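K.L.:
File follows, final-v5.cif with mmCIF, N, CA and C atoms:
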```cif
data_final
loop_
_atom_site.label_atom_id
_atom_site.label_comp_id
_atom_site.auth_asym_id
_atom_site.auth_seq_id
_atom_site.Cartn_x
_atom_site.Cartn_y
_atom_site.Cartn_z
N MET A 2 -1.34 6.72 -2.96
CA MET A 2 -1.93 5.91 -1.92
C MET A 2 -3.41 5.76 -2.21
N GLU A 3 -3.88 4.54 -2.06
CA GLU A 3 -5.28 4.24 -2.34
C GLU A 3 -6.18 4.84 -1.26
N LYS A 4 -7.35 5.31 -1.70
CA LYS A 4 -8.34 5.86 -0.78
C LYS A 4 -9.63 5.07 -0.91
N ILE A 5 -10.44 5.16 0.13
CA ILE A 5 -11.74 4.52 0.13
C ILE A 5 -12.74 5.52 0.69
N LYS A 6 -13.95 5.52 0.13
CA LYS A 6 -14.99 6.45 0.57
C LYS A 6 -16.03 5.70 1.40
N PHE A 7 -16.49 6.37 2.46
CA PHE A 7 -17.51 5.83 3.34
C PHE A 7 -18.67 6.79 3.41
N GLU A 8 -19.87 6.24 3.48
CA GLU A 8 -21.05 7.03 3.76
C GLU A 8 -21.23 7.03 5.27
N THR A 9 -21.21 8.21 5.89
CA THR A 9 -21.37 8.32 7.33
C THR A 9 -22.54 9.24 7.65
N GLU A 10 -22.78 9.40 8.94
CA GLU A 10 -23.85 10.31 9.37
C GLU A 10 -23.57 11.74 8.93
N ASN A 11 -22.28 12.07 8.74
CA ASN A 11 -21.89 13.42 8.33
C ASN A 11 -21.76 13.56 6.82
N GLY A 12 -22.18 12.57 6.07
CA GLY A 12 -22.02 12.59 4.62
C GLY A 12 -20.90 11.67 4.20
N GLU A 13 -20.37 11.90 3.03
CA GLU A 13 -19.31 11.06 2.50
C GLU A 13 -17.95 11.49 3.05
N GLU A 14 -17.17 10.51 3.54
CA GLU A 14 -15.83 10.78 4.05
C GLU A 14 -14.84 9.88 3.32
N GLU A 15 -13.62 10.40 3.14
CA GLU A 15 -12.58 9.68 2.43
C GLU A 15 -11.47 9.29 3.41
N PHE A 16 -11.00 8.05 3.29
CA PHE A 16 -9.94 7.55 4.16
C PHE A 16 -8.82 6.97 3.30
N TYR A 17 -7.59 7.11 3.81
CA TYR A 17 -6.43 6.50 3.16
C TYR A 17 -6.30 5.06 3.65
N ILE A 18 -6.07 4.14 2.73
CA ILE A 18 -5.80 2.76 3.10
C ILE A 18 -4.30 2.64 3.35
N LEU A 19 -3.93 2.48 4.61
CA LEU A 19 -2.53 2.40 5.00
C LEU A 19 -1.99 0.98 4.91
N GLY A 20 -2.88 0.00 5.06
CA GLY A 20 -2.45 -1.38 5.00
C GLY A 20 -3.63 -2.33 4.92
N GLU A 21 -3.35 -3.54 4.47
CA GLU A 21 -4.36 -4.60 4.38
C GLU A 21 -3.71 -5.90 4.81
N THR A 22 -4.47 -6.75 5.46
CA THR A 22 -3.96 -8.07 5.83
C THR A 22 -5.14 -9.03 5.97
N THR A 23 -4.82 -10.31 5.92
CA THR A 23 -5.81 -11.35 6.15
C THR A 23 -5.31 -12.19 7.32
N LEU A 24 -6.19 -12.43 8.27
CA LEU A 24 -5.85 -13.20 9.46
C LEU A 24 -6.99 -14.16 9.74
N GLN A 25 -6.68 -15.43 9.78
CA GLN A 25 -7.68 -16.48 10.02
C GLN A 25 -8.87 -16.35 9.08
N GLY A 26 -8.57 -16.05 7.81
CA GLY A 26 -9.60 -16.00 6.78
C GLY A 26 -10.41 -14.72 6.73
N ARG A 27 -10.11 -13.76 7.59
CA ARG A 27 -10.84 -12.49 7.58
C ARG A 27 -9.93 -11.39 7.06
N HIS A 28 -10.50 -10.47 6.28
CA HIS A 28 -9.75 -9.39 5.65
C HIS A 28 -9.88 -8.13 6.50
N TYR A 29 -8.72 -7.47 6.74
CA TYR A 29 -8.68 -6.28 7.59
C TYR A 29 -8.03 -5.13 6.83
N LEU A 30 -8.51 -3.91 7.11
CA LEU A 30 -7.93 -2.69 6.55
C LEU A 30 -7.50 -1.77 7.68
N LEU A 31 -6.32 -1.17 7.51
CA LEU A 31 -5.85 -0.11 8.39
C LEU A 31 -6.07 1.18 7.63
N VAL A 32 -6.93 2.06 8.15
CA VAL A 32 -7.29 3.29 7.45
C VAL A 32 -7.08 4.50 8.34
N SER A 33 -6.92 5.66 7.69
CA SER A 33 -6.77 6.93 8.40
C SER A 33 -7.38 8.05 7.57
N SER A 34 -7.94 9.02 8.26
CA SER A 34 -8.49 10.18 7.56
C SER A 34 -7.40 11.21 7.28
N THR A 35 -6.24 11.07 7.93
CA THR A 35 -5.12 11.99 7.71
C THR A 35 -4.12 11.36 6.75
N PRO A 36 -3.45 12.16 5.95
CA PRO A 36 -2.45 11.61 5.02
C PRO A 36 -1.36 10.84 5.76
N PRO A 37 -0.80 9.82 5.14
CA PRO A 37 0.19 8.97 5.80
C PRO A 37 1.44 9.71 6.29
N GLU A 38 1.78 10.80 5.64
CA GLU A 38 2.99 11.53 6.04
C GLU A 38 2.80 12.35 7.32
N VAL A 39 1.56 12.49 7.80
CA VAL A 39 1.28 13.23 9.03
C VAL A 39 1.53 12.30 10.22
N GLU A 40 2.43 12.72 11.11
CA GLU A 40 2.71 11.92 12.29
C GLU A 40 1.60 12.09 13.31
N ASP A 41 1.39 11.08 14.11
CA ASP A 41 0.40 11.08 15.20
C ASP A 41 -1.03 11.24 14.70
N GLY A 42 -1.31 10.75 13.50
CA GLY A 42 -2.68 10.78 13.01
C GLY A 42 -3.50 9.67 13.65
N GLU A 43 -4.79 9.79 13.57
CA GLU A 43 -5.67 8.76 14.09
C GLU A 43 -5.90 7.70 13.04
N PHE A 44 -6.16 6.47 13.48
CA PHE A 44 -6.37 5.37 12.56
C PHE A 44 -7.55 4.53 13.03
N SER A 45 -8.04 3.71 12.13
CA SER A 45 -9.05 2.70 12.45
C SER A 45 -8.64 1.40 11.81
N VAL A 46 -8.95 0.31 12.48
CA VAL A 46 -8.77 -1.02 11.91
C VAL A 46 -10.16 -1.58 11.69
N LEU A 47 -10.45 -1.92 10.45
CA LEU A 47 -11.79 -2.39 10.08
C LEU A 47 -11.72 -3.81 9.57
N VAL A 48 -12.77 -4.56 9.79
CA VAL A 48 -12.87 -5.93 9.27
C VAL A 48 -13.93 -5.94 8.17
N ASP A 49 -13.63 -6.67 7.10
CA ASP A 49 -14.57 -6.79 5.98
C ASP A 49 -15.46 -8.00 6.24
N MET A 50 -16.73 -7.76 6.45
CA MET A 50 -17.69 -8.83 6.76
C MET A 50 -18.41 -9.36 5.52
N ALA A 51 -18.06 -8.85 4.33
CA ALA A 51 -18.68 -9.34 3.09
C ALA A 51 -18.22 -10.77 2.82
N SER A 52 -19.04 -11.52 2.13
CA SER A 52 -18.64 -12.88 1.76
C SER A 52 -17.70 -12.81 0.56
N PRO A 53 -16.88 -13.85 0.36
CA PRO A 53 -15.92 -13.83 -0.75
C PRO A 53 -16.56 -13.64 -2.12
N GLU A 54 -17.82 -14.00 -2.27
CA GLU A 54 -18.51 -13.86 -3.55
C GLU A 54 -18.95 -12.42 -3.82
N ASP A 55 -19.01 -11.61 -2.78
CA ASP A 55 -19.46 -10.22 -2.94
C ASP A 55 -18.41 -9.39 -3.66
N ASP A 56 -18.85 -8.42 -4.43
CA ASP A 56 -17.93 -7.53 -5.13
C ASP A 56 -17.89 -6.14 -4.45
N PHE A 57 -18.11 -6.12 -3.14
CA PHE A 57 -18.08 -4.89 -2.37
C PHE A 57 -17.54 -5.18 -0.97
N TYR A 58 -17.12 -4.12 -0.28
CA TYR A 58 -16.71 -4.23 1.11
C TYR A 58 -17.92 -4.07 2.03
N ASP A 59 -17.92 -4.77 3.13
CA ASP A 59 -18.86 -4.54 4.22
C ASP A 59 -18.00 -4.31 5.46
N LEU A 60 -17.44 -3.09 5.56
CA LEU A 60 -16.44 -2.79 6.59
C LEU A 60 -17.10 -2.37 7.89
N ARG A 61 -16.56 -2.93 8.97
CA ARG A 61 -17.09 -2.63 10.31
C ARG A 61 -15.95 -2.49 11.30
N ASP A 62 -16.22 -1.78 12.38
CA ASP A 62 -15.26 -1.70 13.48
C ASP A 62 -15.13 -3.08 14.11
N ILE A 63 -13.95 -3.36 14.63
CA ILE A 63 -13.72 -4.63 15.33
C ILE A 63 -14.18 -4.43 16.77
N GLU A 64 -15.14 -5.24 17.20
CA GLU A 64 -15.71 -5.08 18.53
C GLU A 64 -14.98 -5.92 19.58
N ASP A 65 -14.36 -7.02 19.18
CA ASP A 65 -13.67 -7.91 20.10
C ASP A 65 -12.25 -7.39 20.35
N ARG A 66 -11.94 -7.06 21.60
CA ARG A 66 -10.64 -6.47 21.93
C ARG A 66 -9.48 -7.40 21.60
N GLU A 67 -9.61 -8.70 21.87
CA GLU A 67 -8.53 -9.65 21.58
C GLU A 67 -8.25 -9.71 20.08
N GLU A 68 -9.30 -9.70 19.28
CA GLU A 68 -9.14 -9.70 17.82
C GLU A 68 -8.43 -8.43 17.37
N LEU A 69 -8.84 -7.29 17.92
CA LEU A 69 -8.23 -6.01 17.57
C LEU A 69 -6.74 -6.00 17.93
N VAL A 70 -6.39 -6.47 19.11
CA VAL A 70 -4.98 -6.52 19.54
C VAL A 70 -4.17 -7.40 18.60
N ALA A 71 -4.72 -8.54 18.20
CA ALA A 71 -4.02 -9.45 17.29
C ALA A 71 -3.77 -8.80 15.93
N VAL A 72 -4.78 -8.12 15.41
CA VAL A 72 -4.65 -7.47 14.10
C VAL A 72 -3.66 -6.31 14.16
N ILE A 73 -3.72 -5.52 15.22
CA ILE A 73 -2.78 -4.42 15.38
C ILE A 73 -1.35 -4.95 15.47
N LYS A 74 -1.17 -6.06 16.13
CA LYS A 74 0.16 -6.67 16.21
C LYS A 74 0.68 -7.01 14.81
N VAL A 75 -0.17 -7.55 13.96
CA VAL A 75 0.22 -7.87 12.59
C VAL A 75 0.62 -6.59 11.84
N PHE A 76 -0.19 -5.55 11.96
CA PHE A 76 0.14 -4.29 11.28
C PHE A 76 1.44 -3.69 11.82
N ASN A 77 1.67 -3.76 13.11
CA ASN A 77 2.93 -3.26 13.68
C ASN A 77 4.13 -4.01 13.12
N GLU A 78 3.98 -5.32 12.89
CA GLU A 78 5.06 -6.11 12.31
C GLU A 78 5.28 -5.78 10.84
N MET A 79 4.22 -5.35 10.16
CA MET A 79 4.32 -5.02 8.73
C MET A 79 5.06 -3.71 8.49
N PHE A 80 4.94 -2.77 9.43
CA PHE A 80 5.49 -1.43 9.25
C PHE A 80 6.51 -1.14 10.33
N ASP A 81 7.73 -0.80 9.93
CA ASP A 81 8.79 -0.48 10.88
C ASP A 81 8.64 0.90 11.49
N ASP A 82 7.99 1.81 10.76
CA ASP A 82 7.97 3.21 11.18
C ASP A 82 6.71 3.64 11.94
N ILE A 83 5.86 2.68 12.30
CA ILE A 83 4.68 3.05 13.07
C ILE A 83 4.56 2.14 14.30
N ASP A 84 3.89 2.64 15.32
CA ASP A 84 3.65 1.87 16.53
C ASP A 84 2.20 2.10 16.92
N LEU A 85 1.33 1.21 16.46
CA LEU A 85 -0.10 1.35 16.73
C LEU A 85 -0.41 0.84 18.13
N GLU A 86 -1.32 1.50 18.79
CA GLU A 86 -1.77 1.09 20.12
C GLU A 86 -3.27 1.08 20.17
N VAL A 87 -3.81 0.18 21.01
CA VAL A 87 -5.26 0.07 21.18
C VAL A 87 -5.74 1.18 22.07
#
```
Would it be possible to restate this file's structure as C-alpha cells?

P.N.:
Amino acid sequence: MEKIKFETENGEEEFYILGETTLQGRHYLLVSSTPPEVEDGEFSVLVDMASPEDDFYDLRDIEDREELVAVIKVFNEMFDDIDLEV
C-alpha cells in the first residue's frame, strides 16, 4: 500500500493512501494513519490544491461540508467493505 509523508507541527508523519478519486476536476485522497487492515481506524479526506503543472501535492482538509459529503459518497461507492461517515 502506498504511503505519503506530511510535515506537521509534530514533525514528519506517514499516512496510508487508501483511495484516490477526481470529482469535478479536483483530485482527492482518502488517507489514514492506521494500517488498512485495522478496523475502525480514523481517516482524512484531503483535496489537492496544486495546479496540474505542479509536480507536487498541495493537500488540504476539505472545509466545505457539502463537498466533503459528496467525496465521501464517492469513496463509499468505491469500497464495499467500508462505511465512511462525516

K.L.:
One decimal, Å: what's the distance from atom N of A:Thr35 over to atom N of A:Ala51, could you say?

P.N.:
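Straight-line distance from atom N of A:Thr35 to atom N of A:Ala51 works out to 23.4 Å.
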
K.L.:
Which of these residues is nearest to A:Phe57, using only C-alpha atoms: A:Ile5, A:Phe80, A:Ser33, A:Leu69?

P.N.:
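Distance minimum relative to A:Phe57 lands on A:Ile5.
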
K.L.:
Of the candidates A:Glu78, A:Glu3, A:Glu10, A:Asp55, which one gets nearest to A:Ser34 if we count only C-alpha atoms?

P.N.:
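Among the listed residues, the smallest separation from A:Ser34 belongs to A:Glu3.
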
K.L.:
Please provide as a PDB file with N, CA and C atoms, keeping the file's coordinate frame all residues within 8 Å of A:Gly20, with the sequence filter that same-chain residues fewer than 5 positions apart are discarded (counting all atoms listed in the file).

P.N.:
```
ATOM      1  N   TYR A  29      -8.720  -7.470   6.740  1.00  0.00           N
ATOM      2  CA  TYR A  29      -8.680  -6.280   7.590  1.00  0.00           C
ATOM      3  C   TYR A  29      -8.030  -5.130   6.830  1.00  0.00           C
ATOM      4  N   LEU A  30      -8.510  -3.910   7.110  1.00  0.00           N
ATOM      5  CA  LEU A  30      -7.930  -2.690   6.550  1.00  0.00           C
ATOM      6  C   LEU A  30      -7.500  -1.770   7.680  1.00  0.00           C
ATOM      7  N   LEU A  31      -6.320  -1.170   7.510  1.00  0.00           N
ATOM      8  CA  LEU A  31      -5.850  -0.110   8.390  1.00  0.00           C
ATOM      9  C   LEU A  31      -6.070   1.180   7.630  1.00  0.00           C
ATOM     10  N   VAL A  32      -6.930   2.060   8.150  1.00  0.00           N
ATOM     11  CA  VAL A  32      -7.290   3.290   7.450  1.00  0.00           C
ATOM     12  C   VAL A  32      -7.080   4.500   8.340  1.00  0.00           C
ATOM     13  N   SER A  33      -6.920   5.660   7.690  1.00  0.00           N
ATOM     14  CA  SER A  33      -6.770   6.930   8.400  1.00  0.00           C
ATOM     15  C   SER A  33      -7.380   8.050   7.570  1.00  0.00           C
ATOM     16  N   PHE A  76      -0.190  -5.550  11.960  1.00  0.00           N
ATOM     17  CA  PHE A  76       0.140  -4.290  11.280  1.00  0.00           C
ATOM     18  C   PHE A  76       1.440  -3.690  11.820  1.00  0.00           C
TER      19      PHE A  76
END
```

K.L.:
Pick out each residue of chain A that DSSP on the backbone tags as alpha helix (DSSP H); I need them as a PyMOL selection string.

P.N.:
chain A and resi 66-79

K.L.:
Please identify the strand (DSSP E) residues within chain A (assignment by DSSP from backbone atoms) and present them as an MDAnalysis selection string.

P.N.:
chainID A and resid 4:9 12:24 27:33 45:49 60:62

K.L.:
Please evaluate the PyMOL selection byres ((chain A and resi 2) around 8) against the structure above and give the resulting residues as a list of chain:residue names.

P.N.:
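Taken on the displayed file, the PyMOL selection byres ((chain A and resi 2) around 8) yields the residues A:Glu3, A:Lys4, A:Ile5, A:Phe16, A:Tyr17, A:Ile18, A:Leu19.
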
K.L.:
Could you tell me which of A:Asn11, A:Ser45, A:Asn77, A:Thr22 comes closest to A:Ile63 if we count only N, CA and C atoms?

P.N.:
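For A:Ile63, the nearest of the given residues is A:Ser45.
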
K.L.:
So the first atom is atom CA of A:Thr9 and the second is atom CA of A:Gly42; what is the distance between them in Å, to one decimal place?

P.N.:
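Computed distance, atom CA of A:Thr9 to atom CA of A:Gly42, equals 19.7 Å.
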
K.L.:
Please determine, counting all atoms listed in the file, which residue among A:Glu14, A:Val39, A:Asp49, A:Val75 has the shortest atom-to-atom distance to A:Arg27.

P.N.:
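Ranked by minimum distance to A:Arg27, first place goes to A:Asp49.
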
K.L.:
Mind checking which residues fall within 5 Å of A:Val48, counting only N, CA and C atoms, ignoring those fewer than 6 positions away in the same chain, and posting them as an NGL selection string?

P.N.:
:A and (28-29 or 60-61)

K.L.:
Report, in Å to a single decimal, how far apart atom CA of A:Phe44 and atom CA of A:Arg66 are.

P.N.:
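Result for atom CA of A:Arg66 versus atom CA of A:Phe44: 15.7 Å, one decimal.
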
K.L.:
For a quick check of understanding, using only N, CA and C atoms, which of A:Lys74, A:Thr23, A:Lys6, A:Leu47 has the smallest distance to A:Asp62?

P.N.:
A:Leu47

K.L.:
Calculated over only C-alpha atoms, which of the candidates A:Glu68, A:Glu54, A:Glu13, A:Glu38 has the smallest distance to A:Val87?

P.N.:
A:Glu68
